[in-house]
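**Student:** What follows is a structure written as structure tokens; I'll ask about it next.
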Amino acid sequence: MIYQLDHIAIGCTDLAQGVAWAEERLGVKMQAGGQHAHFGTHNRLLGLDGGLYLEVIAKNPDASVDRPTWFDLDNFTGPPRLANWICRSDDVENAQAITGPPVSLTRDDLHWQLTVPDDGSLPMQGGYPSLLKWGAGITPPSGSLPASGVRLTKWEVWHPQADWLREAVTLDTDVVSFQSGLVGFKATFETPNGTVVL
């Protein structure tokens, strides 16, 4: 199964702070997002050149849900930072032993399925991507957000099992690489103000 990188996410404990953090570093304004009632979160988005987008996401303090929040946000602490990567797949059930089962979701006029472990954690602490399948006829945010002049040129997934992930995760892009080390992410962007590394 070949995956297509869809978007990357910055996690934070407060959406306004996360947006300010991203805007200061990238030098552009985040765009409109919305709320995810099923998981009690809200977000802001940024269209990236090359058919991708960036999401800043946090738990919504005004929401109440009876299940764990996705992207491991129930356990998120500290300053805003890269938190997850999400890939499109035509078969979101293929790897659910790793990714968790697909959950059907809606936001405004969007509907999609996304794999989420039952405890809300990240697959392999983020080493393996969350898998997404947009609904039929849907134009995803990457196709509807206005251009920002920001392009993701490198997405590095750091993980002790990088060699295994390199073999297990087949992607249609050379932007993504797997590096051996402590779990984490590193993103390189080309922006109107030059190269930015998060």
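Numbering starts fresh at 1 for the residues of each chain in the structure tokens, the chains themselves are lettered A, B, ... in the order given, and ligands are numbered from 1 as they appear.
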Would you mind listing what lies within 12 Å of Thr139 in chain A as a compact mmCIF listing (two decimals) with N, CA and C atoms, in the first residue's frame, with only C-alpha atoms counted and same-chain residues fewer than 2 positions away left out?
**Tutor:**
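Done, and the output landed in part-v6.txt:
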# COMPACT_ATOMS: atom_id res chain seq x y z
N GLY A 51 0.37 20.89 -2.56
CA GLY A 51 -0.77 20.03 -2.27
C GLY A 51 -0.82 19.47 -0.86
N ASP A 109 -18.59 21.00 5.90
CA ASP A 109 -18.98 20.20 4.74
C ASP A 109 -17.99 19.09 4.43
N LEU A 110 -17.04 18.86 5.33
CA LEU A 110 -16.05 17.80 5.13
C LEU A 110 -16.50 16.52 5.83
N HIS A 111 -16.18 15.38 5.23
CA HIS A 111 -16.36 14.11 5.93
C HIS A 111 -15.23 13.18 5.50
N TRP A 112 -14.76 12.40 6.47
CA TRP A 112 -13.59 11.56 6.22
C TRP A 112 -13.50 10.47 7.27
N LYS A 133 -8.84 8.81 4.93
CA LYS A 133 -9.51 8.64 3.65
C LYS A 133 -10.62 9.68 3.57
N TRP A 134 -10.49 10.62 2.64
CA TRP A 134 -11.52 11.63 2.45
C TRP A 134 -12.75 11.02 1.81
N GLY A 135 -13.92 11.56 2.14
CA GLY A 135 -15.16 11.07 1.56
C GLY A 135 -15.24 11.35 0.07
N ALA A 136 -16.09 10.59 -0.61
CA ALA A 136 -16.25 10.73 -2.05
C ALA A 136 -16.72 12.14 -2.40
N GLY A 137 -16.08 12.74 -3.39
CA GLY A 137 -16.48 14.06 -3.86
C GLY A 137 -16.01 15.21 -3.02
N PRO A 141 -8.84 20.18 2.51
CA PRO A 141 -8.28 21.52 2.74
C PRO A 141 -7.09 21.85 1.85
N SER A 142 -6.28 20.85 1.51
CA SER A 142 -5.12 21.12 0.65
C SER A 142 -5.54 21.65 -0.72
N GLY A 143 -6.77 21.36 -1.12
CA GLY A 143 -7.26 21.83 -2.41
C GLY A 143 -8.13 23.06 -2.34
N SER A 144 -8.47 23.51 -1.13
CA SER A 144 -9.37 24.65 -0.99
C SER A 144 -8.75 25.84 -0.27
N LEU A 145 -7.69 25.61 0.51
CA LEU A 145 -7.07 26.72 1.23
C LEU A 145 -6.29 27.61 0.27
**Student:** Show me, as a ChimeraX atom specification, the residues that have an atom within 10 Å of Gln125 in chain A when counting only C-alpha atoms, minus same-chain residues fewer than 3 positions from it.
**Tutor:** /A:71-72,83-84,121-122,128-129,159,183-184
**Student:** So that I can see what lies close to His42 in chain A, please list as a ChimeraX atom specification the residues with an atom at most 7 Å from it, counting only C-alpha atoms and leaving out residues fewer than 2 positions away in the same chain.
**Tutor:** /A:34-36,57-60
**Student:** Find the residues around Asp49 in chain A up to 8 Å (only C-alpha atoms counted), leave out those fewer than 6 positions away in its own chain, and share them as a count of residues only.
**Tutor:** 6
**Student:** If we count only C-alpha atoms and set the cut-off at 8 Å, which residues sit around range 168-181 of chain A, ignoring sequence neighbours fewer than 4 positions away in its own chain? Please answer as a ChimeraX atom specification.
**Tutor:** /A:1-5,128,152-164
**Student:** List as a ChimeraX atom specification the protein and nucleic acid residues near Asn43 in chain A, meaning an atom at most 12 Å away when only C-alpha atoms are counted, but skip any in the same chain fewer than 3 places from it.
**Tutor:** /A:9-19,30-37,39-40,46,54-60,107
**Student:** Neighbouring residues of Leu198 in chain A were defined as those with any atom within 7 Å, considering only C-alpha atoms; residues of the same chain fewer than 2 positions away were excluded. Please report them as a PyMOL selection string.
**Tutor:** chain A and resi 186-188+196
**Student:** With only C-alpha atoms as the atoms that count, which of A:Asn75, A:Arg166, A:Ser130, A:Val197 lies nearest to Cys87 in chain A?
**Tutor:** A:Ser130
**Student:** What does the distance between CA of Pro117 in chain A and CA of Leu132 in chain A come to in Å, to one decimal place?
**Tutor:** 13.2 Å
**Student:** Nearest to Lys29 in chain A: which of A:Thr191, A:Trp70, A:Val92, A:Pro140 is it, counting only C-alpha atoms?
**Tutor:** A:Thr191
**Student:** One decimal, Å: what's the distance from CA of Pro123 in chain A over to CA of Arg44 in chain A, could you say?
**Tutor:**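 One can read the CA of Pro123 in chain A to CA of Arg44 in chain A distance as 23.0 Å.
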**Student:** Report as JSON, numbers by chain: the residues of chain A with a DSSP assignment of strand (DSSP E or B), based on the backbone of this structure.
**Tutor:** {"A": [2, 3, 4, 5, 6, 7, 8, 9, 10, 11, 31, 32, 33, 34, 35, 36, 41, 42, 43, 44, 45, 46, 47, 48, 49, 52, 53, 54, 55, 56, 57, 58, 59, 81, 82, 83, 84, 85, 86, 87, 88, 102, 103, 104, 105, 106, 107, 110, 111, 112, 113, 114, 115, 130, 131, 132, 133, 134, 151, 152, 153, 154, 155, 156, 157, 158, 159, 170, 171, 176, 177, 178, 179, 180, 184, 185, 186, 187, 188, 189, 190, 191, 194, 195, 196, 197]}
**Student:** Just how far from CA of His7 in chain A is CA of Ser104 in chain A, in Å to one decimal?
**Tutor:**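 CA of His7 in chain A lies 17.9 Å from CA of Ser104 in chain A.
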**Student:** Measuring atom to atom with only C-alpha atoms, identify which of A:Asn193, A:Leu182, A:Asn94, A:Thr41 is nearest to Asp74 in chain A.
**Tutor:**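 That would be A:Thr41, the residue with the smallest distance to Asp74 in chain A.
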**Student:** Using only C-alpha atoms, find the one residue out of A:Leu52, A:Ala97, A:Val103, A:Leu26 that sits nearest to His38 in chain A.
**Tutor:** A:Val103
**Student:** Pull the helix (DSSP H, G or I) assignments for range 102-171 of chain A out of DSSP run on the backbone, and list those residues as JSON, numbers by chain.
**Tutor:** {"A": [123, 124, 125, 126, 141, 142, 143, 144, 162, 163, 164, 165, 166, 167, 168]}
**Student:** Restricting the output to N, CA, C and O atoms, write the selected residues as a PDB file, in the first residue's frame.
**Tutor:**
ATOM      1  N   PRO A 123       0.159   6.215  16.653  1.00  0.00           N
ATOM      2  CA  PRO A 123       0.720   4.928  16.235  1.00  0.00           C
ATOM      3  C   PRO A 123       2.251   4.927  16.355  1.00  0.00           C
ATOM      4  O   PRO A 123       2.917   5.808  15.807  1.00  0.00           O
ATOM      5  N   MET A 124       2.770   4.005  17.132  1.00  0.00           N
ATOM      6  CA  MET A 124       4.209   3.912  17.366  1.00  0.00           C
ATOM      7  C   MET A 124       4.778   5.262  17.808  1.00  0.00           C
ATOM      8  O   MET A 124       5.822   5.700  17.351  1.00  0.00           O
ATOM      9  N   GLN A 125       4.066   5.932  18.714  1.00  0.00           N
ATOM     10  CA  GLN A 125       4.459   7.235  19.259  1.00  0.00           C
ATOM     11  C   GLN A 125       4.641   8.283  18.155  1.00  0.00           C
ATOM     12  O   GLN A 125       5.365   9.260  18.334  1.00  0.00           O
ATOM     13  N   GLY A 126       3.987   8.087  17.031  1.00  0.00           N
ATOM     14  CA  GLY A 126       4.096   9.015  15.915  1.00  0.00           C
ATOM     15  C   GLY A 126       4.984   8.517  14.802  1.00  0.00           C
ATOM     16  O   GLY A 126       5.041   9.130  13.732  1.00  0.00           O
ATOM     17  N   PRO A 141      -8.840  20.184   2.510  1.00  0.00           N
ATOM     18  CA  PRO A 141      -8.278  21.518   2.741  1.00  0.00           C
ATOM     19  C   PRO A 141      -7.085  21.850   1.848  1.00  0.00           C
ATOM     20  O   PRO A 141      -6.918  23.007   1.446  1.00  0.00           O
ATOM     21  N   SER A 142      -6.276  20.851   1.507  1.00  0.00           N
ATOM     22  CA  SER A 142      -5.122  21.120   0.649  1.00  0.00           C
ATOM     23  C   SER A 142      -5.541  21.647  -0.717  1.00  0.00           C
ATOM     24  O   SER A 142      -4.763  22.318  -1.397  1.00  0.00           O
ATOM     25  N   GLY A 143      -6.772  21.363  -1.121  1.00  0.00           N
ATOM     26  CA  GLY A 143      -7.261  21.829  -2.413  1.00  0.00           C
ATOM     27  C   GLY A 143      -8.134  23.059  -2.344  1.00  0.00           C
ATOM     28  O   GLY A 143      -8.510  23.613  -3.384  1.00  0.00           O
ATOM     29  N   SER A 144      -8.468  23.506  -1.127  1.00  0.00           N
ATOM     30  CA  SER A 144      -9.371  24.653  -0.988  1.00  0.00           C
ATOM     31  C   SER A 144      -8.749  25.844  -0.271  1.00  0.00           C
ATOM     32  O   SER A 144      -9.228  26.969  -0.405  1.00  0.00           O
ATOM     33  N   ALA A 162      13.535   3.205  13.146  1.00  0.00           N
ATOM     34  CA  ALA A 162      13.507   3.874  11.840  1.00  0.00           C
ATOM     35  C   ALA A 162      13.711   2.899  10.683  1.00  0.00           C
ATOM     36  O   ALA A 162      13.078   3.022   9.628  1.00  0.00           O
ATOM     37  N   ASP A 163      14.590   1.936  10.859  1.00  0.00           N
ATOM     38  CA  ASP A 163      14.844   0.975   9.779  1.00  0.00           C
ATOM     39  C   ASP A 163      13.586   0.184   9.450  1.00  0.00           C
ATOM     40  O   ASP A 163      13.265  -0.034   8.267  1.00  0.00           O
ATOM     41  N   TRP A 164      12.861  -0.245  10.475  1.00  0.00           N
ATOM     42  CA  TRP A 164      11.616  -0.985  10.250  1.00  0.00           C
ATOM     43  C   TRP A 164      10.581  -0.093   9.572  1.00  0.00           C
ATOM     44  O   TRP A 164       9.910  -0.514   8.617  1.00  0.00           O
ATOM     45  N   LEU A 165      10.455   1.137  10.053  1.00  0.00           N
ATOM     46  CA  LEU A 165       9.480   2.056   9.477  1.00  0.00           C
ATOM     47  C   LEU A 165       9.799   2.353   8.018  1.00  0.00           C
ATOM     48  O   LEU A 165       8.898   2.452   7.173  1.00  0.00           O
ATOM     49  N   ARG A 166      11.066   2.468   7.696  1.00  0.00           N
ATOM     50  CA  ARG A 166      11.481   2.748   6.320  1.00  0.00           C
ATOM     51  C   ARG A 166      11.006   1.642   5.379  1.00  0.00           C
ATOM     52  O   ARG A 166      10.638   1.901   4.228  1.00  0.00           O
ATOM     53  N   GLU A 167      10.993   0.418   5.867  1.00  0.00           N
ATOM     54  CA  GLU A 167      10.533  -0.706   5.060  1.00  0.00           C
ATOM     55  C   GLU A 167       9.016  -0.844   5.074  1.00  0.00           C
ATOM     56  O   GLU A 167       8.402  -1.246   4.081  1.00  0.00           O
ATOM     57  N   ALA A 168       8.386  -0.502   6.194  1.00  0.00           N
ATOM     58  CA  ALA A 168       6.950  -0.746   6.368  1.00  0.00           C
ATOM     59  C   ALA A 168       6.073   0.339   5.759  1.00  0.00           C
ATOM     60  O   ALA A 168       4.936   0.076   5.363  1.00  0.00           O
TER      61      ALA A 168
END
